[in-house]
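These notes concern the structure reproduced below.
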Amino acid sequence: MELAEADAPIGRGCMMARVTHVHTIDEVARRIGENLELIEIVSANPDNIDYGEMIWVDDGTDEGIKTFTDRGIECLQELLADIRTWEGGIREFLRDEQCDPKVIESIMADEKSC
């Protein structure tokens, strides 16, 4: 009987990619040309962005800062593009999220100017 060599333990000697750069939510809105309030509403549900691609940074305040990895930005853009194809689009999404009507109108005004 031959004995097989034991595999190296998982995690030892293996290289894993690590996020080393994130973008603040304000910068994401500016960079992709989206309404900041819309991004805040979409990202309020962490299920809308791939796990680990949206990172909360503790800055000493109660709110902290929401940040996104490059892949997180892509997820956000893909979701917004998808929502815009739905019947009722962004407006219906915001209604479903039970947003204040004034916030909806503000966001929709930005939608029309794009």
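The chains in the structure tokens are called A, B, ... from first to last as shown; in each chain the residues are counted from 1, and the ligands are counted from 1 in the order shown.
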
Subject >> DSSP alpha helix (DSSP H) selection over segment 1-86 of chain A, as a ChimeraX atom specification >> reply: /A:25-32,36-43,70-83

Subject >> DSSP strand (DSSP E) residues within chain A, as a count of residues only >> reply: 10

Original post:
Closest to Asp47 of chain A among A:Ala109, A:Cys75, A:Val19, A:Ile32, using only C-alpha atoms?
Top reply: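 For Asp47 of chain A, the nearest of the given residues is A:Cys75.
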
Original post:
How far is it from atom CA of Gly72 of chain A to atom CA of Glu53 of chain A, in Å with one decimal?
Top reply: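 Distance between the two atoms: 4.4 Å.
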
Give me, as an mmCIF file with C-alpha atoms, in the first residue's frame, all polymer residues having an atom no more than 9 Å from Leu94 of chain A, counting only C-alpha atoms and skipping those fewer than 4 positions away in the same chain.
```cif
data_model
loop_
_atom_site.group_PDB
_atom_site.id
_atom_site.type_symbol
_atom_site.label_atom_id
_atom_site.label_comp_id
_atom_site.auth_asym_id
_atom_site.auth_seq_id
_atom_site.Cartn_x
_atom_site.Cartn_y
_atom_site.Cartn_z
ATOM 1 C CA LEU A 38 -30.489 57.028 -5.982
ATOM 2 C CA ILE A 41 -31.327 54.039 -1.891
ATOM 3 C CA VAL A 42 -30.129 51.193 -4.102
ATOM 4 C CA GLY A 89 -38.226 51.805 -14.325
ATOM 5 C CA ILE A 90 -36.531 53.897 -11.678
ATOM 6 C CA GLN A 98 -41.304 53.416 -0.221
ATOM 7 C CA CYS A 99 -39.303 56.562 -0.877
ATOM 8 C CA ASP A 100 -40.655 59.978 -0.053
ATOM 9 C CA PRO A 101 -42.491 61.429 -3.088
ATOM 10 C CA VAL A 103 -37.142 62.331 -3.195
ATOM 11 C CA ILE A 104 -38.675 60.415 -6.099
#
```

Original post:
Out of A:Thr24, A:Ser113, A:Asn35, A:Gln77, which residue has the shortest atom-to-atom distance to Trp56 of chain A when counting only C-alpha atoms?
Top reply: A:Thr24

Subject >> Option closest in space to Arg30 of chain A, from A:Glu63, A:Ile73, A:Ser106, A:Glu78 [counting only C-alpha atoms] >> reply: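 Of the candidates, the smallest distance to Arg30 of chain A is held by A:Ile73.
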
**OP:** Could you check which of A:Thr20, A:Glu97, A:Leu80, A:Gly52 is closest to Gly33 of chain A, using only C-alpha atoms?
**Re:**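 Residue with the minimum atom-to-atom distance to Gly33 of chain A: A:Leu80.
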
Original post:
Using only C-alpha atoms, which of the listed residues (A:Asn48, A:Arg18, A:Ile107, A:Glu37) sits closest to Asp82 of chain A?
Top reply: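 Between A:Asn48, A:Arg18, A:Ile107, A:Glu37, the residue approaching Asp82 of chain A most closely is A:Asn48.
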
Val28 of chain A environment, 10 Å, only C-alpha atoms, sequence neighbours closer than 5 positions dropped, as a compact mmCIF listing (two decimals) with C-alpha atoms, in the first residue's frame:
```txt
# COMPACT_ATOMS: atom_id res chain seq x y z
CA VAL A 22 -12.24 51.52 -2.67
CA HIS A 23 -14.30 54.51 -3.83
CA GLY A 33 -22.95 60.19 -13.44
CA GLU A 34 -25.75 58.96 -11.21
CA ASN A 35 -27.84 60.74 -8.60
CA LEU A 36 -26.27 60.27 -5.15
CA ILE A 39 -27.23 55.24 -5.24
CA THR A 67 -17.52 52.61 -0.20
CA PHE A 68 -17.43 50.36 -3.25
CA THR A 69 -14.78 48.23 -4.87
CA ASP A 70 -14.38 48.43 -8.66
CA GLY A 72 -19.10 46.95 -6.59
CA ILE A 73 -19.37 49.88 -8.99
CA LEU A 76 -24.35 49.03 -9.15
```
